[in-house]
file coords32.csv (CSV, C-alpha atoms)
chain,number,residue,atom,x,y,z
A,121,GLY,CA,68.1,128.6,89.5
A,122,ALA,CA,65.7,131.5,89.3
A,123,VAL,CA,62.8,129.6,87.8
A,124,VAL,CA,59.4,131.1,87.4
A,125,SER,CA,56.3,129.1,86.6
A,126,GLN,CA,52.9,130.0,85.4
A,127,HIS,CA,49.7,128.1,85.5
A,128,PRO,CA,47.8,127.5,83.4
A,129,SER,CA,49.8,127.7,80.2
A,130,TRP,CA,46.7,128.2,78.2
A,131,VAL,CA,43.1,128.7,79.0
A,132,ILE,CA,39.8,129.2,77.1
A,133,CYS,CA,36.9,130.8,78.8
A,134,LYS,CA,33.5,132.1,78.0
A,135,SER,CA,32.8,135.8,77.9
A,136,GLY,CA,31.7,137.1,81.2
A,137,THR,CA,33.5,134.6,83.3
A,138,SER,CA,36.7,135.2,85.4
A,139,VAL,CA,40.0,133.6,85.0
A,140,LYS,CA,42.9,133.3,87.5
A,141,ILE,CA,46.5,132.9,86.4
A,142,GLU,CA,49.2,131.9,88.9
A,143,CYS,CA,52.8,133.0,88.9
A,144,ARG,CA,55.3,131.2,91.2
A,145,SER,CA,58.9,131.7,91.8
A,146,LEU,CA,60.1,128.1,92.4
A,147,ASP,CA,63.6,128.5,93.9
A,148,PHE,CA,63.8,132.0,95.1
A,149,GLN,CA,61.9,134.6,97.0
A,150,ALA,CA,60.5,137.3,94.7
A,151,THR,CA,60.8,140.8,96.0
A,152,THR,CA,58.7,142.1,93.2
A,153,MET,CA,56.5,140.4,90.6
A,154,PHE,CA,55.4,141.9,87.3
A,155,TRP,CA,52.5,141.2,85.0
A,156,TYR,CA,52.8,141.9,81.3
A,157,ARG,CA,50.5,141.6,78.4
A,158,GLN,CA,51.8,140.8,74.9
A,159,PHE,CA,49.8,141.1,71.7
A,160,PRO,CA,50.9,139.1,68.6
A,161,LYS,CA,54.2,140.3,67.2
A,162,GLN,CA,54.5,143.1,69.7
A,163,SER,CA,56.6,143.9,72.7
A,164,LEU,CA,55.6,143.4,76.3
A,165,MET,CA,53.3,145.9,77.9
A,166,LEU,CA,53.7,146.2,81.6
A,167,MET,CA,50.4,146.0,83.3
A,168,ALA,CA,51.3,146.2,87.0
A,169,THR,CA,54.0,145.7,89.6
A,170,SER,CA,53.3,144.0,92.9
A,171,ASN,CA,55.2,143.6,96.1
A,172,GLU,CA,54.4,141.0,98.6
A,173,GLY,CA,51.8,142.0,101.1
A,174,SER,CA,51.0,145.3,99.4
A,175,LYS,CA,48.7,146.6,96.7
A,176,ALA,CA,49.8,146.3,93.2
A,177,THR,CA,50.8,149.4,91.2
A,178,TYR,CA,49.0,149.6,87.9
A,179,GLU,CA,50.3,151.2,84.8
A,180,GLN,CA,48.3,154.0,83.2
A,181,GLY,CA,45.4,152.7,81.3
A,182,VAL,CA,45.1,149.4,83.0
A,183,GLU,CA,41.8,148.8,84.7
A,184,LYS,CA,42.6,147.7,88.2
A,185,ASP,CA,39.1,146.4,88.8
A,186,LYS,CA,39.3,144.2,85.8
A,187,PHE,CA,42.8,142.9,86.3
A,188,LEU,CA,43.0,141.9,90.0
A,189,ILE,CA,46.5,141.2,91.3
A,190,ASN,CA,47.2,139.5,94.5
A,191,HIS,CA,50.7,138.9,95.9
A,192,ALA,CA,50.1,137.0,99.0
A,193,SER,CA,53.5,135.5,99.5
A,194,LEU,CA,57.1,135.9,98.4
A,195,THR,CA,56.7,133.1,95.9
A,196,LEU,CA,53.2,133.6,94.5
A,197,SER,CA,51.3,136.2,92.7
A,198,THR,CA,48.0,135.8,90.9
A,199,LEU,CA,46.3,137.8,88.1
A,200,THR,CA,42.5,137.4,87.9
A,201,VAL,CA,40.8,138.7,84.7
A,202,THR,CA,37.3,139.5,85.8
A,203,SER,CA,34.3,139.4,83.5
A,204,ALA,CA,36.5,138.5,80.6
A,205,HIS,CA,35.7,139.7,77.1
A,206,PRO,CA,37.1,138.7,73.7
A,207,GLU,CA,39.3,141.8,73.7
A,208,ASP,CA,41.1,140.4,76.8
A,209,SER,CA,42.4,137.5,74.8
A,210,SER,CA,46.1,137.8,74.9
A,211,PHE,CA,49.4,136.3,76.0
A,212,TYR,CA,50.0,137.1,79.7
A,213,ILE,CA,53.5,136.9,81.1
A,214,CYS,CA,54.7,137.3,84.6
A,215,SER,CA,58.2,137.9,85.9
A,216,ALA,CA,59.9,138.2,89.2
A,217,ASN,CA,63.0,139.7,90.6
A,218,GLN,CA,65.1,139.3,93.7
A,219,ARG,CA,66.3,141.9,96.1
A,220,LEU,CA,69.8,143.2,95.0
A,221,ALA,CA,69.5,141.5,91.6
A,222,GLY,CA,70.1,144.8,89.8
A,223,GLY,CA,66.8,144.8,88.0
A,224,GLU,CA,67.2,141.4,86.4
A,225,GLN,CA,63.8,139.8,85.9
A,226,TYR,CA,63.1,136.1,85.6
A,227,PHE,CA,60.2,135.4,83.3
A,228,GLY,CA,57.5,132.8,83.4
A,229,PRO,CA,56.6,130.8,80.2
A,230,GLY,CA,53.4,132.8,79.7
A,231,THR,CA,49.7,132.0,79.7
A,232,ARG,CA,47.6,132.2,76.5
A,233,LEU,CA,44.1,133.4,77.3
A,234,THR,CA,41.3,133.0,74.7
A,235,VAL,CA,37.9,134.4,75.5
A,236,THR,CA,35.1,133.1,73.4
B,42,ALA,CA,62.3,159.6,80.4
B,43,GLN,CA,64.3,156.5,79.5
B,44,SER,CA,63.7,154.6,76.3
B,45,VAL,CA,65.1,151.8,74.2
B,46,THR,CA,65.1,151.7,70.5
B,47,GLN,CA,65.6,148.6,68.3
B,48,PRO,CA,65.7,150.0,64.8
B,49,ASP,CA,65.3,146.7,63.0
B,50,ILE,CA,61.9,145.1,63.2
B,51,HIS,CA,62.8,142.0,61.2
B,52,ILE,CA,66.2,140.6,60.2
B,53,THR,CA,66.9,137.6,58.0
B,54,VAL,CA,70.3,135.9,58.0
B,55,SER,CA,71.6,132.6,56.5
B,56,GLU,CA,72.6,129.9,58.9
B,57,GLY,CA,76.3,130.2,59.6
B,58,ALA,CA,76.4,133.9,58.9
B,59,SER,CA,77.2,136.5,61.6
B,60,LEU,CA,74.6,138.5,63.3
B,61,GLU,CA,74.3,141.9,64.9
B,62,LEU,CA,71.1,143.2,66.4
B,63,ARG,CA,71.1,146.9,67.3
B,64,CYS,CA,69.9,148.5,70.5
B,65,ASN,CA,70.1,152.1,71.4
B,66,TYR,CA,69.0,153.6,74.7
B,67,SER,CA,68.3,156.9,76.1
B,68,TYR,CA,69.2,157.5,79.8
B,69,GLY,CA,71.2,160.1,81.6
B,70,ALA,CA,73.4,157.8,83.6
B,71,THR,CA,74.9,154.4,83.2
B,72,PRO,CA,72.0,151.9,82.8
B,73,TYR,CA,71.8,148.3,83.4
B,74,LEU,CA,71.1,146.6,80.1
B,75,PHE,CA,69.7,143.3,79.1
B,76,TRP,CA,69.1,141.1,76.1
B,77,TYR,CA,66.3,138.6,76.2
B,78,VAL,CA,65.2,136.1,73.7
B,79,GLN,CA,61.6,134.8,73.2
B,80,SER,CA,60.7,131.8,71.2
B,81,PRO,CA,57.1,131.6,69.8
B,82,GLY,CA,54.6,131.1,72.5
B,83,GLN,CA,57.2,131.2,75.3
B,84,GLY,CA,58.4,133.5,78.0
B,85,LEU,CA,61.6,135.5,77.8
B,86,GLN,CA,65.0,134.0,78.5
B,87,LEU,CA,67.9,136.1,79.6
B,88,LEU,CA,70.8,136.0,77.1
B,89,LEU,CA,73.2,138.4,78.8
B,90,LYS,CA,73.3,141.5,81.0
B,91,TYR,CA,75.6,144.5,81.5
B,92,PHE,CA,75.8,146.2,84.9
B,93,SER,CA,79.3,147.7,85.0
B,94,GLY,CA,83.0,146.8,84.2
B,95,ASP,CA,84.0,145.1,81.0
B,96,THR,CA,82.0,146.6,78.2
B,97,LEU,CA,82.1,143.3,76.2
B,98,VAL,CA,79.7,140.9,77.8
B,99,GLN,CA,79.5,137.2,77.1
B,100,GLY,CA,76.2,135.4,77.3
B,101,ILE,CA,74.6,132.1,76.7
B,102,LYS,CA,74.2,130.3,73.4
B,103,GLY,CA,77.3,132.0,72.0
B,104,PHE,CA,76.0,135.5,72.1
B,105,GLU,CA,77.9,138.6,73.2
B,106,ALA,CA,77.1,142.3,73.4
B,107,GLU,CA,79.2,145.4,73.6
B,108,PHE,CA,78.2,148.4,75.7
B,109,LYS,CA,79.3,151.7,74.0
B,110,ARG,CA,78.6,154.7,76.1
B,111,SER,CA,79.6,157.2,73.4
B,112,GLN,CA,77.0,155.7,71.1
B,113,SER,CA,74.4,154.8,73.7
B,114,SER,CA,74.3,151.4,72.2
B,115,PHE,CA,74.3,147.8,73.4
B,116,ASN,CA,74.4,145.7,70.2
B,117,LEU,CA,74.0,141.9,70.3
B,118,ARG,CA,76.3,139.8,68.2
B,119,LYS,CA,76.9,136.2,67.3
B,120,PRO,CA,79.6,135.0,65.0
B,121,SER,CA,77.7,132.1,63.4
B,122,VAL,CA,74.0,131.8,63.6
B,123,HIS,CA,72.2,128.5,64.0
B,124,TRP,CA,68.6,127.8,62.7
B,125,SER,CA,67.5,127.4,66.3
B,126,ASP,CA,68.4,131.1,67.0
B,127,ALA,CA,65.3,132.1,65.0
B,128,ALA,CA,63.2,134.0,67.6
B,129,GLU,CA,62.3,137.5,68.9
B,130,TYR,CA,65.0,139.4,70.6
B,131,PHE,CA,64.3,142.2,73.1
B,132,CYS,CA,66.7,144.7,74.5
B,133,ALA,CA,65.8,146.1,77.9
B,134,LEU,CA,67.0,148.9,80.2
B,135,TYR,CA,66.8,149.1,84.0
B,136,THR,CA,67.3,152.4,85.7
B,137,GLY,CA,66.2,151.5,89.2
B,138,THR,CA,62.9,153.3,89.0
B,139,ALA,CA,60.2,151.2,90.6
B,140,SER,CA,62.2,148.1,89.6
B,141,LYS,CA,60.8,148.3,86.1
B,142,LEU,CA,62.4,147.3,82.8
B,143,THR,CA,62.0,149.4,79.7
B,144,PHE,CA,61.8,147.1,76.7
B,145,GLY,CA,62.5,147.9,73.1
B,146,THR,CA,60.0,146.8,70.5
B,147,GLY,CA,61.9,143.7,69.6
B,148,THR,CA,63.7,142.3,66.5
B,149,ARG,CA,62.4,139.2,64.9
B,150,LEU,CA,65.2,137.0,63.6
B,151,GLN,CA,64.6,134.7,60.7
B,152,VAL,CA,67.3,132.1,59.8
B,153,THR,CA,67.4,130.7,56.3
B,154,LEU,CA,69.0,127.3,55.7
call {"tool": "encode", "arguments": {"input": "coords32.csv", "output": "structure tokens"}}
result
Amino acid sequence: GAVVSQHPSWVICKSGTSVKIECRSLDFQATTMFWYRQFPKQSLMLMATSNEGSKATYEQGVEKDKFLINHASLTLSTLTVTSAHPEDSSFYICSANQRLAGGEQYFGPGTRLTVT
Amino acid sequence: AQSVTQPDIHITVSEGASLELRCNYSYGATPYLFWYVQSPGQGLQLLLKYFSGDTLVQGIKGFEAEFKRSQSSFNLRKPSVHWSDAAEYFCALYTGTASKLTFGTGTRLQVTL
């Protein structure tokens, strides 16, 4: 149980275009979903936290107009990288938790974004 | 503010040898603690967690961790490492603030045959 999927697993896009990444909780309802960014050989950097039906809470330094997060249902959150540039190339990971799960997060497999 | 420190950036062990990965935390109360493992190009998989009760926690893949309040530590151990254990290991802390996890910087484990 507690499986989180991400789609796509990797994507290549041209500079200036937008890319949408989906995160789904497959067998549970996610109270909260999280979006992380990870640079090579580094730890995870939390970008934003989102609760179903409400606006995402962005971490300091994360551009909310560039990284649009939508959490339309208890099983789906999307991250859209708008007007992508090469410096947005990274590994994006989502996670989700359940109510009363004591903070345990279930992670998706990640999405490798390359902007050319 | 809470924090997690993993002092070892990179550790190399021989297959079959024992392993201990260090994790220290800073938090004023009893935290919830987690160890996650990440294989290259993959997401994170939960190895084990500590919420309360028995301070020695058993996890998957033969891993265990011991919570020591006096040392603010939650070290991960495995008696005999397998080559497939080579990965990045993250210790994380949950304090209930905005449901967030605070991650350590990770320890990369290399296993030599």
call {"tool": "interface_residues", "arguments": {"input": "coords32.csv", "of": "chain A", "to": "chain B", "cutoff": "10 Å", "atoms": "all atoms listed in the file", "output": "ChimeraX atom specification"}}
result
/A:124-126,129,151-154,160-166,168-169,177,211-215,217,219,222-232
call {"tool": "closest_residue", "arguments": {"input": "coords32.csv", "among": "B:Tyr66, B:Ser113, B:Val98, B:Thr53", "to": "Asp126 in chain B", "atoms": "only C-alpha atoms"}}
result
B:Thr53
call {"tool": "residues_around", "arguments": {"input": "coords32.csv", "residues": "Val152 in chain B", "least_positions_apart": "4", "cutoff": "10 Å", "atoms": "only C-alpha atoms", "output": "PyMOL selection string"}}
result
chain B and resi 52-58+122-128
call {"tool": "residues_near_point", "arguments": {"input": "coords32.csv", "point": "(38.2, 147.4, 81.3)", "cutoff": "12 Å", "atoms": "only C-alpha atoms", "output": "ChimeraX atom specification"}}
result
/A:181-188,201-208
call {"tool": "write_last_selection", "arguments": {"input": "coords32.csv", "atoms": "C-alpha atoms", "output": "PDB file, keeping the file's coordinate frame"}}
result
ATOM      1  CA  GLY A 181      45.400 152.700  81.300  1.00  0.00           C
ATOM      2  CA  VAL A 182      45.100 149.400  83.000  1.00  0.00           C
ATOM      3  CA  GLU A 183      41.800 148.800  84.700  1.00  0.00           C
ATOM      4  CA  LYS A 184      42.600 147.700  88.200  1.00  0.00           C
ATOM      5  CA  ASP A 185      39.100 146.400  88.800  1.00  0.00           C
ATOM      6  CA  LYS A 186      39.300 144.200  85.800  1.00  0.00           C
ATOM      7  CA  PHE A 187      42.800 142.900  86.300  1.00  0.00           C
ATOM      8  CA  LEU A 188      43.000 141.900  90.000  1.00  0.00           C
ATOM      9  CA  VAL A 201      40.800 138.700  84.700  1.00  0.00           C
ATOM     10  CA  THR A 202      37.300 139.500  85.800  1.00  0.00           C
ATOM     11  CA  SER A 203      34.300 139.400  83.500  1.00  0.00           C
ATOM     12  CA  ALA A 204      36.500 138.500  80.600  1.00  0.00           C
ATOM     13  CA  HIS A 205      35.700 139.700  77.100  1.00  0.00           C
ATOM     14  CA  PRO A 206      37.100 138.700  73.700  1.00  0.00           C
ATOM     15  CA  GLU A 207      39.300 141.800  73.700  1.00  0.00           C
ATOM     16  CA  ASP A 208      41.100 140.400  76.800  1.00  0.00           C
TER      17      ASP A 208
END
call {"tool": "residues_near_point", "arguments": {"input": "coords32.csv", "point": "(65.8, 145.8, 68.1)", "cutoff": "6 Å", "atoms": "only C-alpha atoms", "output": "list in words"}}
result
Gln47, Pro48, Asp49, Arg63, Cys64, Gly147 and Thr148 of chain B
call {"tool": "atom_distance", "arguments": {"input": "coords32.csv", "atom1": "CA of Gln151 in chain B", "atom2": "CA of Asn65 in chain B"}}
result
21.2 Å
call {"tool": "atom_distance", "arguments": {"input": "coords32.csv", "atom1": "CA of Trp155 in chain A", "atom2": "CA of Ser138 in chain A"}}
result
16.9 Å
call {"tool": "build_atoms", "arguments": {"input": "coords32.csv", "residues": "range 135-146 of chain A", "atoms": "all heavy atoms", "output": "tab-separated table (two decimals), in the frame of the given file"}}
result
chain	number	residue	atom	x	y	z
A	135	SER	N	32.93	134.38	77.56
A	135	SER	CA	32.80	135.80	77.90
A	135	SER	C	31.93	135.98	79.12
A	135	SER	O	30.90	135.32	79.29
A	135	SER	CB	32.11	136.49	76.67
A	135	SER	OG	32.08	137.88	76.85
A	136	GLY	N	32.38	136.85	80.00
A	136	GLY	CA	31.70	137.10	81.20
A	136	GLY	C	32.18	136.37	82.44
A	136	GLY	O	31.85	136.71	83.58
A	137	THR	N	32.97	135.36	82.22
A	137	THR	CA	33.50	134.60	83.30
A	137	THR	C	34.87	135.20	83.77
A	137	THR	O	35.42	136.06	83.10
A	137	THR	CB	33.71	133.13	82.96
A	137	THR	OG1	34.65	133.04	81.88
A	137	THR	CG2	32.39	132.50	82.54
A	138	SER	N	35.37	134.72	84.90
A	138	SER	CA	36.70	135.20	85.40
A	138	SER	C	37.69	134.10	85.31
A	138	SER	O	37.38	132.91	85.40
A	138	SER	CB	36.51	135.64	86.88
A	138	SER	OG	35.65	136.76	86.96
A	139	VAL	N	38.91	134.50	85.14
A	139	VAL	CA	40.00	133.60	85.00
A	139	VAL	C	41.16	133.97	85.89
A	139	VAL	O	41.52	135.16	85.93
A	139	VAL	CB	40.53	133.53	83.53
A	139	VAL	CG1	41.75	132.65	83.40
A	139	VAL	CG2	39.43	133.06	82.59
A	140	LYS	N	41.74	133.00	86.58
A	140	LYS	CA	42.90	133.30	87.50
A	140	LYS	C	44.13	132.64	86.90
A	140	LYS	O	44.14	131.47	86.53
A	140	LYS	CB	42.61	132.75	88.87
A	140	LYS	CG	43.78	133.02	89.83
A	140	LYS	CD	43.56	132.40	91.20
A	140	LYS	CE	42.56	133.18	92.00
A	140	LYS	NZ	42.47	132.68	93.40
A	141	ILE	N	45.19	133.41	86.86
A	141	ILE	CA	46.50	132.90	86.40
A	141	ILE	C	47.47	133.03	87.57
A	141	ILE	O	47.55	134.06	88.23
A	141	ILE	CB	47.03	133.77	85.22
A	141	ILE	CG1	46.01	133.74	84.06
A	141	ILE	CG2	48.38	133.26	84.76
A	141	ILE	CD1	46.35	134.73	82.96
A	142	GLU	N	48.20	131.95	87.81
A	142	GLU	CA	49.20	131.90	88.90
A	142	GLU	C	50.58	132.08	88.40
A	142	GLU	O	50.94	131.56	87.35
A	142	GLU	CB	49.06	130.60	89.67
A	142	GLU	CG	47.80	130.44	90.47
A	142	GLU	CD	47.85	129.20	91.34
A	142	GLU	OE1	48.78	128.37	91.17
A	142	GLU	OE2	46.96	129.05	92.20
A	143	CYS	N	51.37	132.78	89.17
A	143	CYS	CA	52.80	133.00	88.90
A	143	CYS	C	53.58	132.61	90.14
A	143	CYS	O	53.33	133.19	91.20
A	143	CYS	CB	53.04	134.40	88.47
A	143	CYS	SG	54.77	134.82	88.15
A	144	ARG	N	54.50	131.67	90.01
A	144	ARG	CA	55.30	131.20	91.20
A	144	ARG	C	56.76	131.31	90.92
A	144	ARG	O	57.22	130.93	89.84
A	144	ARG	CB	54.93	129.78	91.53
A	144	ARG	CG	53.52	129.57	92.04
A	144	ARG	CD	53.29	128.10	92.40
A	144	ARG	NE	51.90	127.87	92.80
A	144	ARG	CZ	51.45	128.01	94.03
A	144	ARG	NH1	52.28	128.36	95.00
A	144	ARG	NH2	50.18	127.79	94.31
A	145	SER	N	57.48	131.79	91.89
A	145	SER	CA	58.90	131.70	91.80
A	145	SER	C	59.30	130.40	92.57
A	145	SER	O	58.95	130.21	93.74
A	145	SER	CB	59.59	132.91	92.51
A	145	SER	OG	59.17	133.06	93.84
A	146	LEU	N	59.95	129.49	91.87
A	146	LEU	CA	60.10	128.10	92.40
A	146	LEU	C	61.33	127.98	93.32
A	146	LEU	O	61.31	127.14	94.22
A	146	LEU	CB	60.24	127.15	91.23
A	146	LEU	CG	59.03	127.06	90.31
A	146	LEU	CD1	59.23	125.97	89.27
A	146	LEU	CD2	57.75	126.84	91.09
